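Source file: structure07.cif (mmCIF, C-alpha atoms; chains and numbers go by the auth columns)
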data_input
loop_
_atom_site.group_PDB
_atom_site.id
_atom_site.type_symbol
_atom_site.label_atom_id
_atom_site.label_comp_id
_atom_site.label_asym_id
_atom_site.label_seq_id
_atom_site.Cartn_x
_atom_site.Cartn_y
_atom_site.Cartn_z
_atom_site.B_iso_or_equiv
_atom_site.auth_seq_id
_atom_site.auth_asym_id
ATOM 1 C CA MET A 1 -0.851 33.885 -8.154 0.00 1 A
ATOM 2 C CA ILE A 2 0.235 30.478 -9.472 0.00 2 A
ATOM 3 C CA ASN A 3 2.368 30.569 -12.621 0.00 3 A
ATOM 4 C CA GLU A 4 3.773 27.902 -14.961 0.00 4 A
ATOM 5 C CA GLN A 5 7.005 27.642 -12.949 0.00 5 A
ATOM 6 C CA ASP A 6 4.947 26.996 -9.808 0.00 6 A
ATOM 7 C CA LYS A 7 2.989 24.291 -11.622 0.00 7 A
ATOM 8 C CA LYS A 8 6.194 22.630 -12.801 0.00 8 A
ATOM 9 C CA HIS A 9 7.494 22.458 -9.238 0.00 9 A
ATOM 10 C CA LEU A 10 4.157 21.258 -7.841 0.00 10 A
ATOM 11 C CA ALA A 11 4.139 18.475 -10.443 0.00 11 A
ATOM 12 C CA ARG A 12 7.535 17.367 -9.097 0.00 12 A
ATOM 13 C CA CYS A 13 6.137 17.399 -5.542 0.00 13 A
ATOM 14 C CA VAL A 14 3.275 15.143 -6.614 0.00 14 A
ATOM 15 C CA ALA A 15 5.799 12.809 -8.276 0.00 15 A
ATOM 16 C CA LEU A 16 7.798 12.702 -5.029 0.00 16 A
ATOM 17 C CA ALA A 17 4.596 11.951 -3.103 0.00 17 A
ATOM 18 C CA ARG A 18 3.884 9.097 -5.509 0.00 18 A
ATOM 19 C CA GLN A 19 7.443 7.840 -4.992 0.00 19 A
ATOM 20 C CA ALA A 20 6.888 7.892 -1.221 0.00 20 A
ATOM 21 C CA LEU A 21 3.675 5.891 -1.594 0.00 21 A
ATOM 22 C CA GLU A 22 5.380 3.365 -3.871 0.00 22 A
ATOM 23 C CA SER A 23 8.120 2.882 -1.261 0.00 23 A
ATOM 24 C CA GLY A 24 5.541 2.200 1.455 0.00 24 A
ATOM 25 C CA ASP A 25 5.339 5.645 3.003 0.00 25 A
ATOM 26 C CA GLU A 26 2.713 8.356 3.271 0.00 26 A
ATOM 27 C CA PRO A 27 2.414 10.360 0.024 0.00 27 A
ATOM 28 C CA PHE A 28 3.993 13.741 0.714 0.00 28 A
ATOM 29 C CA GLY A 29 6.747 15.361 -1.355 0.00 29 A
ATOM 30 C CA SER A 30 8.461 18.749 -1.239 0.00 30 A
ATOM 31 C CA ILE A 31 11.212 20.770 -2.897 0.00 31 A
ATOM 32 C CA LEU A 32 13.234 23.881 -2.063 0.00 32 A
ATOM 33 C CA VAL A 33 13.887 26.295 -4.924 0.00 33 A
ATOM 34 C CA SER A 34 16.323 29.211 -4.905 0.00 34 A
ATOM 35 C CA ALA A 35 15.473 32.747 -6.006 0.00 35 A
ATOM 36 C CA ASP A 36 16.996 32.014 -9.428 0.00 36 A
ATOM 37 C CA GLY A 37 14.808 28.910 -9.908 0.00 37 A
ATOM 38 C CA LYS A 38 17.359 26.221 -9.075 0.00 38 A
ATOM 39 C CA VAL A 39 16.076 23.180 -7.170 0.00 39 A
ATOM 40 C CA LEU A 40 18.298 23.050 -4.090 0.00 40 A
ATOM 41 C CA PHE A 41 16.810 20.095 -2.213 0.00 41 A
ATOM 42 C CA GLU A 42 13.949 17.633 -2.539 0.00 42 A
ATOM 43 C CA ASP A 43 12.553 14.899 -0.345 0.00 43 A
ATOM 44 C CA HIS A 44 9.475 12.848 0.459 0.00 44 A
ATOM 45 C CA ASN A 45 7.995 11.444 3.642 0.00 45 A
ATOM 46 C CA HIS A 46 10.019 8.913 5.649 0.00 46 A
ATOM 47 C CA VAL A 47 7.611 8.248 8.524 0.00 47 A
ATOM 48 C CA ALA A 48 7.002 4.555 7.780 0.00 48 A
ATOM 49 C CA GLY A 49 9.942 3.628 10.030 0.00 49 A
ATOM 50 C CA GLY A 50 8.087 5.031 13.038 0.00 50 A
ATOM 51 C CA ASP A 51 9.612 8.516 13.375 0.00 51 A
ATOM 52 C CA HIS A 52 6.661 10.741 12.534 0.00 52 A
ATOM 53 C CA THR A 53 8.854 13.857 12.395 0.00 53 A
ATOM 54 C CA GLN A 54 10.452 12.733 9.127 0.00 54 A
ATOM 55 C CA HIS A 55 8.400 15.096 6.973 0.00 55 A
ATOM 56 C CA PRO A 56 10.005 16.491 3.801 0.00 56 A
ATOM 57 C CA GLU A 57 9.182 20.089 4.777 0.00 57 A
ATOM 58 C CA PHE A 58 11.009 19.652 8.083 0.00 58 A
ATOM 59 C CA GLU A 59 14.001 18.168 6.254 0.00 59 A
ATOM 60 C CA ILE A 60 13.988 21.142 3.890 0.00 60 A
ATOM 61 C CA ALA A 61 14.147 23.539 6.849 0.00 61 A
ATOM 62 C CA ARG A 62 16.964 21.555 8.437 0.00 62 A
ATOM 63 C CA TRP A 63 18.880 21.347 5.158 0.00 63 A
ATOM 64 C CA ALA A 64 18.425 25.070 4.464 0.00 64 A
ATOM 65 C CA ALA A 65 19.664 25.980 7.942 0.00 65 A
ATOM 66 C CA ASN A 66 22.902 24.149 7.156 0.00 66 A
ATOM 67 C CA HIS A 67 23.364 24.959 3.460 0.00 67 A
ATOM 68 C CA VAL A 68 21.663 28.243 2.552 0.00 68 A
ATOM 69 C CA PRO A 69 23.037 31.524 3.923 0.00 69 A
ATOM 70 C CA ALA A 70 20.536 33.209 6.248 0.00 70 A
ATOM 71 C CA SER A 71 20.506 36.249 3.960 0.00 71 A
ATOM 72 C CA GLU A 72 19.210 34.118 1.033 0.00 72 A
ATOM 73 C CA ARG A 73 16.604 31.944 2.776 0.00 73 A
ATOM 74 C CA ALA A 74 13.690 34.398 2.552 0.00 74 A
ATOM 75 C CA SER A 75 14.049 34.472 -1.236 0.00 75 A
ATOM 76 C CA CYS A 76 13.713 30.677 -1.485 0.00 76 A
ATOM 77 C CA VAL A 77 10.376 29.004 -2.200 0.00 77 A
ATOM 78 C CA VAL A 78 9.159 25.730 -0.736 0.00 78 A
ATOM 79 C CA TYR A 79 6.802 23.726 -2.927 0.00 79 A
ATOM 80 C CA THR A 80 4.930 20.854 -1.379 0.00 80 A
ATOM 81 C CA SER A 81 2.203 18.358 -2.171 0.00 81 A
ATOM 82 C CA GLY A 82 0.431 19.119 1.106 0.00 82 A
ATOM 83 C CA GLU A 83 0.244 22.200 3.288 0.00 83 A
ATOM 84 C CA HIS A 84 2.758 22.150 6.139 0.00 84 A
ATOM 85 C CA CYS A 85 1.704 20.686 9.463 0.00 85 A
ATOM 86 C CA PRO A 86 2.316 22.921 12.523 0.00 86 A
ATOM 87 C CA MET A 87 5.722 21.293 13.189 0.00 87 A
ATOM 88 C CA CYS A 88 6.913 21.967 9.644 0.00 88 A
ATOM 89 C CA SER A 89 5.404 25.461 9.575 0.00 89 A
ATOM 90 C CA ALA A 90 7.301 26.337 12.750 0.00 90 A
ATOM 91 C CA ALA A 91 10.568 24.920 11.364 0.00 91 A
ATOM 92 C CA HIS A 92 10.046 26.923 8.169 0.00 92 A
ATOM 93 C CA GLY A 93 9.445 30.078 10.201 0.00 93 A
ATOM 94 C CA TRP A 94 12.394 29.556 12.557 0.00 94 A
ATOM 95 C CA VAL A 95 14.792 29.016 9.643 0.00 95 A
ATOM 96 C CA GLY A 96 13.448 32.070 7.800 0.00 96 A
ATOM 97 C CA LEU A 97 12.442 30.511 4.507 0.00 97 A
ATOM 98 C CA GLY A 98 10.201 32.438 2.128 0.00 98 A
ATOM 99 C CA ARG A 99 7.072 31.690 0.135 0.00 99 A
ATOM 100 C CA ILE A 100 5.265 28.354 0.412 0.00 100 A
ATOM 101 C CA VAL A 101 3.212 26.907 -2.444 0.00 101 A
ATOM 102 C CA TYR A 102 1.146 23.799 -1.762 0.00 102 A
ATOM 103 C CA ALA A 103 -1.029 21.540 -3.888 0.00 103 A
ATOM 104 C CA SER A 104 -3.537 20.509 -1.202 0.00 104 A
ATOM 105 C CA SER A 105 -4.476 22.134 2.088 0.00 105 A
ATOM 106 C CA SER A 106 -4.515 20.757 5.614 0.00 106 A
ATOM 107 C CA ALA A 107 -8.279 21.320 5.645 0.00 107 A
ATOM 108 C CA GLN A 108 -8.682 19.226 2.494 0.00 108 A
ATOM 109 C CA TYR A 109 -6.484 16.466 3.916 0.00 109 A
ATOM 110 C CA SER A 110 -8.453 16.394 7.175 0.00 110 A
ATOM 111 C CA ALA A 111 -11.753 16.248 5.276 0.00 111 A
ATOM 112 C CA TRP A 112 -10.496 13.377 3.123 0.00 112 A
ATOM 113 C CA MET A 113 -9.380 11.412 6.164 0.00 113 A
ATOM 114 C CA ARG A 114 -12.781 11.920 7.847 0.00 114 A
ATOM 115 C CA GLU A 115 -14.528 10.864 4.629 0.00 115 A
ATOM 116 C CA TRP A 116 -12.516 7.640 4.575 0.00 116 A
ATOM 117 C CA GLY A 117 -13.078 6.911 8.272 0.00 117 A
ATOM 118 C CA VAL A 118 -9.501 7.558 9.394 0.00 118 A
ATOM 119 C CA PRO A 119 -9.288 8.767 13.029 0.00 119 A
ATOM 120 C CA ALA A 120 -8.224 12.393 13.460 0.00 120 A
ATOM 121 C CA SER A 121 -4.575 13.153 14.166 0.00 121 A
ATOM 122 C CA ARG A 122 -3.509 14.202 17.658 0.00 122 A
ATOM 123 C CA VAL A 123 -1.917 17.279 16.046 0.00 123 A
ATOM 124 C CA ARG A 124 -4.386 19.944 14.961 0.00 124 A
ATOM 125 C CA PRO A 125 -4.352 20.810 11.242 0.00 125 A
ATOM 126 C CA LEU A 126 -3.523 24.496 11.594 0.00 126 A
ATOM 127 C CA ALA A 127 -3.027 26.575 8.465 0.00 127 A
ATOM 128 C CA ILE A 128 0.529 27.828 7.937 0.00 128 A
ATOM 129 C CA GLY A 129 -0.541 31.427 8.629 0.00 129 A
ATOM 130 C CA GLU A 130 -1.838 30.382 12.044 0.00 130 A
ATOM 131 C CA VAL A 131 1.677 29.231 12.965 0.00 131 A
ATOM 132 C CA VAL A 132 3.970 31.688 11.132 0.00 132 A
ATOM 133 C CA ASP A 133 3.286 35.409 10.831 0.00 133 A
ATOM 134 C CA GLY A 134 3.948 37.377 7.675 0.00 134 A
ATOM 135 C CA ILE A 135 4.585 34.470 5.315 0.00 135 A
ATOM 136 C CA GLU A 136 3.469 34.400 1.689 0.00 136 A
ATOM 137 C CA VAL A 137 1.421 31.257 1.070 0.00 137 A
ATOM 138 C CA ASP A 138 -0.288 30.081 -2.125 0.00 138 A
ATOM 139 C CA GLY A 139 -2.536 27.053 -2.362 0.00 139 A
ATOM 140 C CA PRO A 140 -4.357 24.843 -2.700 0.00 140 A
ATOM 141 C CA VAL A 141 -4.016 24.383 -6.454 0.00 141 A
ATOM 142 C CA THR A 142 -7.052 22.472 -7.704 0.00 142 A
ATOM 143 C CA GLU A 143 -5.437 20.560 -10.572 0.00 143 A
ATOM 144 C CA PHE A 144 -2.835 19.103 -8.221 0.00 144 A
ATOM 145 C CA ALA A 145 -5.050 18.727 -5.146 0.00 145 A
ATOM 146 C CA GLU A 146 -7.117 16.078 -6.907 0.00 146 A
ATOM 147 C CA GLN A 147 -3.963 14.094 -7.772 0.00 147 A
ATOM 148 C CA VAL A 148 -2.842 14.318 -4.143 0.00 148 A
ATOM 149 C CA ARG A 149 -6.281 13.197 -2.942 0.00 149 A
ATOM 150 C CA LEU A 150 -6.032 10.073 -5.092 0.00 150 A
ATOM 151 C CA LEU A 151 -2.583 9.249 -3.677 0.00 151 A
ATOM 152 C CA HIS A 152 -3.875 9.579 -0.112 0.00 152 A
ATOM 153 C CA GLN A 153 -6.893 7.460 -0.973 0.00 153 A
ATOM 154 C CA GLN A 154 -4.581 4.732 -2.286 0.00 154 A
ATOM 155 C CA ASN A 155 -2.551 4.969 0.916 0.00 155 A
ATOM 156 C CA VAL A 156 -5.639 4.572 3.115 0.00 156 A
ATOM 157 C CA GLN A 157 -6.807 1.631 1.015 0.00 157 A
ATOM 158 C CA LYS A 158 -3.388 -0.056 1.356 0.00 158 A
ATOM 159 C CA ARG A 159 -3.344 0.456 5.134 0.00 159 A
ATOM 160 C CA THR A 160 -6.944 -0.630 5.769 0.00 160 A
ATOM 161 C CA GLY A 161 -7.315 -3.238 3.044 0.00 161 A
ATOM 162 C CA ALA A 162 -10.458 -1.456 1.849 0.00 162 A
#
Would you mind writing the file's structure down as structure tokens?
Amino acid sequence: MINEQDKKHLARCVALARQALESGDEPFGSILVSADGKVLFEDHNHVAGGDHTQHPEFEIARWAANHVPASERASCVVYTSGEHCPMCSAAHGWVGLGRIVYASSSAQYSAWMREWGVPASRVRPLAIGEVVDGIEVDGPVTEFAEQVRLLHQQNVQKRTGA
């Protein structure tokens, strides 16, 4: 169930995705929130330089592994503009982070890309639950998914000149 706190954090993720787009990167943004509601870490995509592993969800997992005690990780929540890719899902699972809340799903993203004529990724768009067992996942959230779709559409238009 999505509550007002979740919506507040998803709005920040969309803002981070917009920031990524404005800096010439793909529009993805994510934050890590502690059990008491404190934002611990936030980031956006940094793949424009050529390293396609520079996803914010992966950076969150790496940061948490180094800064959050293992006993507290499962009570943290990751909020993100787009559902984790398999690489980020696995990192999340290996580090032992808790709930994931996303604005738009991998299935939505893949459908948008097909609609806009973008070739499919070499990495399959698996749902988080197909990669990590026993994880609480909430999303997509319609009011934010549409905002994310528009950011991705702008990105495709910038890249293709359409």
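The interatomic distance for the pair CA of Lys158 (chain A) and CA of Gln108 (chain A) works out to 20.0 Å.
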Which residues fall under the PyMOL selection byres ((chain A and resi 31) around 12) in this file, as a PyMOL selection string? chain A and resi 6+8-17+28-30+32-34+37-45+55-61+63-64+76-82+100-102
Counting all atoms listed in the file, which residue out of A:Ser104, A:Trp116, A:Ala48, A:Arg99 sits closest to Gln154 (chain A)?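 When distances to Gln154 (chain A) are compared using all atoms listed in the file, the smallest one comes from A:Trp116.
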I would like the residues chosen by the PyMOL selection byres ((chain A and resi 97) around 7) on the shown file; could you give them as a PDB file with C-alpha atoms, in the coordinates of the input?
ATOM      1  CA  ARG A  73      16.604  31.944   2.776  1.00  0.00           C
ATOM      2  CA  ALA A  74      13.690  34.398   2.552  1.00  0.00           C
ATOM      3  CA  CYS A  76      13.713  30.677  -1.485  1.00  0.00           C
ATOM      4  CA  HIS A  92      10.046  26.923   8.169  1.00  0.00           C
ATOM      5  CA  GLY A  93       9.445  30.078  10.201  1.00  0.00           C
ATOM      6  CA  VAL A  95      14.792  29.016   9.643  1.00  0.00           C
ATOM      7  CA  GLY A  96      13.448  32.070   7.800  1.00  0.00           C
ATOM      8  CA  GLY A  98      10.201  32.438   2.128  1.00  0.00           C
TER       9      GLY A  98
END
Rounded to one decimal place, report the CA of Val47 (chain A)-CA of Trp112 (chain A) distance in Å.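 Going from CA of Val47 (chain A) over to CA of Trp112 (chain A) covers 19.6 Å.
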Nearest to Gly139 (chain A) by atom-to-atom distance, counting all atoms listed in the file, from A:Ala127, A:Leu21, A:Ala91, A:Cys85: A:Ala127
Residue by residue, what does the PyMOL selection byres ((chain A and resi 124) around 10) grab here? Present the result as a list in words. Cys85, Pro86, Ser106, Ser110, Ala120, Ser121, Arg122, Val123, Pro125, Leu126 and Ala127 of chain A
Emit the selected residues as a CSV table (one decimal), keeping the file's coordinate frame, including C-alpha atoms.
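Written out: again_32.csv:
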chain,number,residue,atom,x,y,z
A,85,CYS,CA,1.7,20.7,9.5
A,86,PRO,CA,2.3,22.9,12.5
A,106,SER,CA,-4.5,20.8,5.6
A,110,SER,CA,-8.5,16.4,7.2
A,120,ALA,CA,-8.2,12.4,13.5
A,121,SER,CA,-4.6,13.2,14.2
A,122,ARG,CA,-3.5,14.2,17.7
A,123,VAL,CA,-1.9,17.3,16.0
A,125,PRO,CA,-4.4,20.8,11.2
A,126,LEU,CA,-3.5,24.5,11.6
A,127,ALA,CA,-3.0,26.6,8.5
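One finds CA of Trp94 (chain A) at 8.8 Å from CA of Val132 (chain A).
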Using all atoms listed in the file, can you tell me which of A:Gly117, A:His46, A:Ala20, A:Ala103 comes closest to Glu143 (chain A)?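 Closest candidate: A:Ala103.
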Report as JSON the centre and the edge lengths, in Å to one decimal, of the axis-aligned box holding every listed atom of region 75-82 of chain A, padded by 6 Å on each side.
{"center_x": 7.2, "center_y": 26.4, "center_z": -0.9, "size_x": 25.6, "size_y": 28.1, "size_z": 16.0}
Could you check which of A:Cys88, A:Ser23, A:Ala35, A:Val68 is closest to Gly49 (chain A), using all atoms listed in the file?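 Smallest separation from Gly49 (chain A) among the options: A:Ser23.
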Given all atoms listed in the file as the counted atoms, nearest of A:Thr53, A:Asn66, A:Asn3, A:Glu83 to Pro140 (chain A): A:Glu83
